[in-house]
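One structure is given here, and the rest of the page talks about it.
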Amino acid sequence: MKPMATLKINGKKIIASDGATILEAAREHDIRIPTLCSNEALKPYGACRLCIVEVTKNGRTSIETSCTYPAEDGLEVKTDSPRVAEGRKLVIELYLARCPNVKIIRQLAEEYGITESAPQMGKDNDYCILCGLCVRACNEVVQAGAIQFAGSGINKIVDSPFHKTAEDCVACGSCAFICPTGIIKKNDLPATSQCTPEGCTQTGAQREILNWQVEHKLKECIKCGNPYYPEPHLTKITRQYYFLPEFFNICPSCRQYPVVDEDKCLGCGGCMEACPIGALELEDKGGYDKKAHVFTGNCTACHTCEDYCPMKAIS
Amino acid sequence: MKINRASDLSKIKKQGLDLLSPATTRITVGSATCGLAKGAGKVLEALKYEIKKQKIKAEVVAVGCNGLCYAEPIVEVIQPGKPRITYGPVTVDKVGELLKSLKTGRAMQDLALARHDEEAYCLNIAPLKYAKGKVPAMLSGIKEYRKHDFFKNQLKLVSKNAGTISPSRIEEYIALDGYAAMEKVLTAMKPEDVIKEVTASKLRGRGGAGFPTGLKWQACRSAAGDKKYIVCNGSEGDPEIGMHRSFLESDPHSIIEGMAIAGYAVGADAGYIYVNDRYVVALERLEEAIRQAEQAGLLGRNILGSGFSFSLKVKRGGGAYVCGEETALLNALEGQSGEPRPRPPYPAQQGLFGKPTVVNNIETLANIALIALHGGKWFAKIGTAASTGTKIVALSGAVAQPGWVEVPLGTPVKTIIETFGKGTGTGKKVKAFQTGGPSGGVLPASLLNIKLDYDQLARAGSLLGSGGLLVMDEGTDMLDMAKFLTDFFADETCGKCSTCREGVKRLQEIIASIMQGYGTKEHLNLVKRMASAMADTSACALGKTAAVPFLTVLKHFPKEVEGKLLKKGA
């Protein structure tokens, strides 16, 4: 990989950082290129075609998507040439025809001075722009692979497998978070109890994602009792990153890690032996001095150590 | 038998020649899918049964297709010392008559299509003579193939073996110079020399884009990587074009040989052949051919003692049109959905599984053995200066005799339609034609003199593509044609790029509104605007050309479309 690339964007000389795409290079230098399907956390995809730019390389000019094209030495890039503007206008018009009531599309159209799609175009009322952000987040970041594109040709949609309950969905809600149009509906339902003459049934708090027909129980914090996260996702993270099974018993807001008062600590190691999961260790402080140290990555915040400390140095 | 050195190859060659011009009668039945659809399977069975019953000394062999698809089922007869005679169509009820003609030596005049006195398709060796001495008077009434319109105007290089050899016998392929190119390359040529020959041949990709094959190989050879791949693109998603299928069913070994040579040239030791899953017969024969080549030691480790290893695998694809696009094909091979990848990086730099990969079309690879054997200079003389070699053209639509033919590049379209297709067959004149499959432009009859080469067709707004030639006669409604092609794209777009997916949908709507009678001039202007923007903003060739059929219909047949627009004041 070449270290740095020098290229021209809109006539301005720009030094792009290592391995950057044209889009990234432009953003580093505050040159605006509109996008719908790009996200820093995900690999470039190139589906929305909004980020098109005119690239001249070795005397050849072509229209390329800046999110996928690597910033190479000697490129000449124009982000707003007439050809680009014409293409971008059509993209926005086509989106307007597909999703006339989606807020970000309307804002984008306003920015480029387009009020309506061409009257000869038909109009749909779709809310999904098929940018693929949800699908890619589910595959690349969450690594659940619960949802995918389905259907072919112009009837492509994002869907759960076979339009049934997405069995691999862990209800993390990343899809709903990343969706630019807000069509993915994620609801957290409070705990309910239903009483019939036969008896009462209690349902804990649940999270539902309507689009994928998923309903999962939310884990309740053993300290405050509040539901805070869907159980299958916690199980997945526990397995994926080798967390201890107890780690997620406490919700993040209740998680108060024990703090060692080093003035009081004798370095006896009693806490270390008491800790059920080995989250404490003695740390050399020079000479014979040793102090207890808490590894917050492992600590489940159970505070067992607190009871064992003879000097009450842990709080 | 294992082939370890060149002398083993010539031994097998002799065996193969004995099979091709045997001491007893040889009857071949054209059993590619086109023949099987017309009952070649039944004819084959009937022939075998009758021969056993009547105790005739003869061998019945299933071969591929020789391009005379309109006359299927085709049966060819070679009697010792007599010319090879092509009959068609031979249906099951004609089998008895055929066998009687074997005994009497009198040909079935009404069914005979052509007479081959020799096998002229061996390129650098003396033609394999069937007929010894004078042709019997009883057979002289049949047209010799060199005078037969269908064969006379063709230049069979790539398809020289199709319909002659049995696809399931490696000996017969070797008999007609098969694997000789591989032997030459592996024993006497350096990889760089092979690439030099291919570059000198000016061979261009036969898939669609027409990229120079030599350059592609050079790029892959110079790309850094411990592992490289050769991928054969046999996706063929175009409707009404079956020549790759037909080719795989007739001569699968030439693809294997071409891929092995390509592997040697670019430094790859593994290859994948991606074939449409609907091509059942082709897949069966291809897999059998690979098995035979492996058994003979022509695939696998240390081929012909040269130290070069190459293995091949067949992968089945769903037959999506977009998977003919090379990066979409790579995605499909990796098990992902068939969506094109952004370029750069190009497949030659980062292709299959992230390794440098050469993706070549079936027909391109079939040319490789010829170039390696006879040299790039020899190949460059065929065709025109910029478009060298031959092209298999699949004739379909309004032609009297559909089928496929191989012609040198630079042949006028008119010649192909008239000499091989024998006109429209409906008594009407040719109105329009489309080259290059659905992505090509629909051109009017006034352009019939256009020559079949990459640059002329590109200038006319069409492409050579995979070599489809769809003919439309005067009775065709051009707007209907545009609707058919746009509907095809609506089904076959992968739906990734916004412009292609949404654009095609809107084009469909515009065509519908014109058909229903409320289209206006603005509709047509929008089509033109959309077509140019789609060509700019789509990622792959499918999206870039999705509007081309409609656009060329508008350009060449404006009156027909404008006549359907909403009248002023109506």
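If you're wondering about the labels, chains in the structure tokens are A, B, ... by order shown, residues count from 1 in each chain, ligands from 1 in order shown.
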So that I can see what lies close to range 60-74 of chain B, please list as a PyMOL selection string the residues with an atom at most 6 Å from it, counting only C-alpha atoms and leaving out residues fewer than 3 positions away in the same chain. chain B and resi 27-32+35+40+87-90+162-163+165-166+249-250+401-405
Open item on the list: Could you tell me which residues of chain A sit within 9 Å of chain B when counting only C-alpha atoms, and give me the result as number ranges by chain?
Closed with: A: 44-50, 52, 62-65, 68-70, 83-84, 86-91, 94-95, 97-98, 118, 120-122, 129-132, 149, 152-156
Next on the checklist: I need the residues of range 88-222 of chain A that end up classed as strand (DSSP E) by DSSP on the backbone, written out as a ChimeraX atom specification.
Outcome noted: /A:148-150,157-159,186-189,192-196,199-203,206-209,214-220
Suppose we keep N, CA and C atoms; can you now write the selection as a PDB file, in the first residue's frame?
```pdb
ATOM      1  N   GLN A 148     -31.706 -10.412   5.173  1.00  0.00           N
ATOM      2  CA  GLN A 148     -31.033 -10.349   3.875  1.00  0.00           C
ATOM      3  C   GLN A 148     -31.957  -9.687   2.869  1.00  0.00           C
ATOM      4  N   PHE A 149     -31.363  -9.397   1.719  1.00  0.00           N
ATOM      5  CA  PHE A 149     -32.202  -8.962   0.612  1.00  0.00           C
ATOM      6  C   PHE A 149     -32.972 -10.173   0.105  1.00  0.00           C
ATOM      7  N   ALA A 150     -34.203  -9.946  -0.272  1.00  0.00           N
ATOM      8  CA  ALA A 150     -34.994 -11.041  -0.837  1.00  0.00           C
ATOM      9  C   ALA A 150     -35.647 -10.543  -2.119  1.00  0.00           C
ATOM     10  N   ILE A 157     -36.523  -6.632  -1.849  1.00  0.00           N
ATOM     11  CA  ILE A 157     -36.892  -6.076  -0.547  1.00  0.00           C
ATOM     12  C   ILE A 157     -35.886  -6.552   0.490  1.00  0.00           C
ATOM     13  N   VAL A 158     -35.916  -5.938   1.650  1.00  0.00           N
ATOM     14  CA  VAL A 158     -35.148  -6.468   2.777  1.00  0.00           C
ATOM     15  C   VAL A 158     -36.125  -7.282   3.605  1.00  0.00           C
ATOM     16  N   ASP A 159     -35.732  -8.499   3.952  1.00  0.00           N
ATOM     17  CA  ASP A 159     -36.696  -9.338   4.656  1.00  0.00           C
ATOM     18  C   ASP A 159     -35.984 -10.367   5.527  1.00  0.00           C
ATOM     19  N   LYS A 186     -38.884  -0.952  16.018  1.00  0.00           N
ATOM     20  CA  LYS A 186     -38.412  -1.686  17.194  1.00  0.00           C
ATOM     21  C   LYS A 186     -39.154  -1.120  18.410  1.00  0.00           C
ATOM     22  N   ASN A 187     -39.832  -2.005  19.149  1.00  0.00           N
ATOM     23  CA  ASN A 187     -40.562  -1.543  20.337  1.00  0.00           C
ATOM     24  C   ASN A 187     -40.110  -2.311  21.561  1.00  0.00           C
ATOM     25  N   ASP A 188     -39.904  -1.600  22.660  1.00  0.00           N
ATOM     26  CA  ASP A 188     -39.640  -2.271  23.933  1.00  0.00           C
ATOM     27  C   ASP A 188     -40.936  -2.281  24.730  1.00  0.00           C
ATOM     28  N   LEU A 189     -41.444  -3.484  25.023  1.00  0.00           N
ATOM     29  CA  LEU A 189     -42.733  -3.588  25.701  1.00  0.00           C
ATOM     30  C   LEU A 189     -42.502  -3.826  27.190  1.00  0.00           C
ATOM     31  N   THR A 192     -45.981  -7.323  31.576  1.00  0.00           N
ATOM     32  CA  THR A 192     -47.434  -7.295  31.771  1.00  0.00           C
ATOM     33  C   THR A 192     -47.850  -8.548  32.536  1.00  0.00           C
ATOM     34  N   SER A 193     -48.965  -8.459  33.156  1.00  0.00           N
ATOM     35  CA  SER A 193     -49.511  -9.673  33.753  1.00  0.00           C
ATOM     36  C   SER A 193     -50.968  -9.768  33.340  1.00  0.00           C
ATOM     37  N   GLN A 194     -51.372 -10.992  33.038  1.00  0.00           N
ATOM     38  CA  GLN A 194     -52.743 -11.202  32.584  1.00  0.00           C
ATOM     39  C   GLN A 194     -53.415 -12.123  33.585  1.00  0.00           C
ATOM     40  N   CYS A 195     -54.551 -11.699  34.093  1.00  0.00           N
ATOM     41  CA  CYS A 195     -55.226 -12.551  35.061  1.00  0.00           C
ATOM     42  C   CYS A 195     -56.534 -13.071  34.478  1.00  0.00           C
ATOM     43  N   THR A 196     -56.677 -14.367  34.508  1.00  0.00           N
ATOM     44  CA  THR A 196     -57.894 -15.027  34.054  1.00  0.00           C
ATOM     45  C   THR A 196     -58.382 -15.870  35.223  1.00  0.00           C
ATOM     46  N   GLY A 199     -55.924 -18.415  36.469  1.00  0.00           N
ATOM     47  CA  GLY A 199     -54.719 -17.993  37.174  1.00  0.00           C
ATOM     48  C   GLY A 199     -54.072 -16.836  36.446  1.00  0.00           C
ATOM     49  N   CYS A 200     -52.980 -16.400  36.974  1.00  0.00           N
ATOM     50  CA  CYS A 200     -52.319 -15.235  36.383  1.00  0.00           C
ATOM     51  C   CYS A 200     -51.056 -15.665  35.643  1.00  0.00           C
ATOM     52  N   THR A 201     -50.846 -15.084  34.477  1.00  0.00           N
ATOM     53  CA  THR A 201     -49.586 -15.313  33.767  1.00  0.00           C
ATOM     54  C   THR A 201     -48.851 -13.993  33.675  1.00  0.00           C
ATOM     55  N   GLN A 202     -47.566 -14.083  33.957  1.00  0.00           N
ATOM     56  CA  GLN A 202     -46.776 -12.863  33.902  1.00  0.00           C
ATOM     57  C   GLN A 202     -45.790 -12.949  32.754  1.00  0.00           C
ATOM     58  N   THR A 203     -45.745 -11.891  32.022  1.00  0.00           N
ATOM     59  CA  THR A 203     -44.780 -11.828  30.928  1.00  0.00           C
ATOM     60  C   THR A 203     -43.786 -10.740  31.274  1.00  0.00           C
ATOM     61  N   GLN A 206     -40.351  -7.235  27.046  1.00  0.00           N
ATOM     62  CA  GLN A 206     -39.932  -7.829  25.782  1.00  0.00           C
ATOM     63  C   GLN A 206     -39.578  -6.765  24.774  1.00  0.00           C
ATOM     64  N   ARG A 207     -38.738  -7.160  23.820  1.00  0.00           N
ATOM     65  CA  ARG A 207     -38.468  -6.266  22.690  1.00  0.00           C
ATOM     66  C   ARG A 207     -38.989  -6.936  21.435  1.00  0.00           C
ATOM     67  N   GLU A 208     -39.738  -6.177  20.645  1.00  0.00           N
ATOM     68  CA  GLU A 208     -40.194  -6.738  19.377  1.00  0.00           C
ATOM     69  C   GLU A 208     -39.655  -5.904  18.229  1.00  0.00           C
ATOM     70  N   ILE A 209     -39.262  -6.622  17.162  1.00  0.00           N
ATOM     71  CA  ILE A 209     -38.924  -5.922  15.915  1.00  0.00           C
ATOM     72  C   ILE A 209     -39.938  -6.415  14.894  1.00  0.00           C
ATOM     73  N   VAL A 214     -39.960 -10.629  15.181  1.00  0.00           N
ATOM     74  CA  VAL A 214     -39.149 -11.168  16.269  1.00  0.00           C
ATOM     75  C   VAL A 214     -39.619 -10.597  17.597  1.00  0.00           C
ATOM     76  N   GLU A 215     -39.632 -11.437  18.608  1.00  0.00           N
ATOM     77  CA  GLU A 215     -39.958 -10.985  19.954  1.00  0.00           C
ATOM     78  C   GLU A 215     -38.996 -11.667  20.897  1.00  0.00           C
ATOM     79  N   HIS A 216     -38.243 -10.921  21.655  1.00  0.00           N
ATOM     80  CA  HIS A 216     -37.289 -11.533  22.582  1.00  0.00           C
ATOM     81  C   HIS A 216     -37.410 -10.904  23.956  1.00  0.00           C
ATOM     82  N   LYS A 217     -37.145 -11.729  24.968  1.00  0.00           N
ATOM     83  CA  LYS A 217     -37.210 -11.269  26.349  1.00  0.00           C
ATOM     84  C   LYS A 217     -36.066 -10.314  26.630  1.00  0.00           C
ATOM     85  N   LEU A 218     -36.353  -9.305  27.440  1.00  0.00           N
ATOM     86  CA  LEU A 218     -35.282  -8.404  27.846  1.00  0.00           C
ATOM     87  C   LEU A 218     -34.717  -8.870  29.171  1.00  0.00           C
ATOM     88  N   LYS A 219     -33.422  -8.799  29.273  1.00  0.00           N
ATOM     89  CA  LYS A 219     -32.757  -9.209  30.515  1.00  0.00           C
ATOM     90  C   LYS A 219     -33.040  -8.155  31.584  1.00  0.00           C
ATOM     91  N   GLU A 220     -33.350  -8.656  32.798  1.00  0.00           N
ATOM     92  CA  GLU A 220     -33.588  -7.706  33.883  1.00  0.00           C
ATOM     93  C   GLU A 220     -32.355  -7.637  34.759  1.00  0.00           C
TER      94      GLU A 220
END
```
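Distance-wise, CA of Phe295 in chain A and CA of Gln143 in chain A end up 27.0 Å apart.
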Taken to one decimal, the CA of Tyr272 in chain B-CA of Lys227 in chain B distance is 13.6 Å
Looking at only C-alpha atoms, which of B:Ala188, B:Ala400, B:Ile362, B:Leu554 is the one that sits closest to Thr426 in chain B?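 Among the listed residues, B:Ala400 lies closest to Thr426 in chain B.
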Here CA of Gly375 in chain B and CA of Asp8 in chain B stand apart by 23.9 Å
I'd like the contact shell of range 306-311 of chain B - 10 Å cut-off, only C-alpha atoms, skipping same-chain residues fewer than 4 positions apart - returned as number ranges by chain. B: 4-5, 183, 185-188, 229-230, 256, 259-261, 263-264, 267-272, 290, 294, 298-302
- Mind checking DSSP for range 183-357 of chain B and telling me the alpha helix (DSSP H) residues as JSON, numbers by chain? {"B": [183, 184, 185, 186, 187, 188, 191, 192, 193, 194, 195, 196, 197, 198, 199, 200, 213, 214, 215, 216, 217, 218, 219, 220, 221, 222, 243, 244, 245, 246, 247, 248, 249, 250, 252, 253, 254, 255, 256, 257, 258, 259, 260, 261, 262, 263, 264, 265, 266, 280, 281, 282, 283, 284, 285, 286, 287, 288, 289, 290, 291, 292, 293, 294, 295, 326, 327, 328, 329, 330, 331, 332, 333]}
For this session: Please identify all polymer residues within 10 Å of Glu262 in chain A, counting only C-alpha atoms, omitting same-chain residues fewer than 3 positions from it, and present them as a list in words.
Result: Val259, Cys265, Leu266, Gly267, Lys290, Lys291, Ala292, His293, Ala313 and Ile314 of chain A
Go ahead and save the residues from that selection, with C-alpha atoms, as a PDB file, in the first residue's frame.
```pdb
ATOM      1  CA  VAL A 259     -12.636   0.874  43.977  1.00  0.00           C
ATOM      2  CA  CYS A 265      -4.934  -1.794  51.213  1.00  0.00           C
ATOM      3  CA  LEU A 266      -2.366  -4.077  52.770  1.00  0.00           C
ATOM      4  CA  GLY A 267      -1.829  -6.206  49.718  1.00  0.00           C
ATOM      5  CA  LYS A 290       1.543  -4.713  46.547  1.00  0.00           C
ATOM      6  CA  LYS A 291      -1.953  -3.394  46.008  1.00  0.00           C
ATOM      7  CA  ALA A 292      -5.172  -4.997  44.817  1.00  0.00           C
ATOM      8  CA  HIS A 293      -6.267  -4.101  41.262  1.00  0.00           C
ATOM      9  CA  ALA A 313     -10.264  -0.799  51.637  1.00  0.00           C
ATOM     10  CA  ILE A 314     -12.689  -1.793  48.867  1.00  0.00           C
TER      11      ILE A 314
END
```
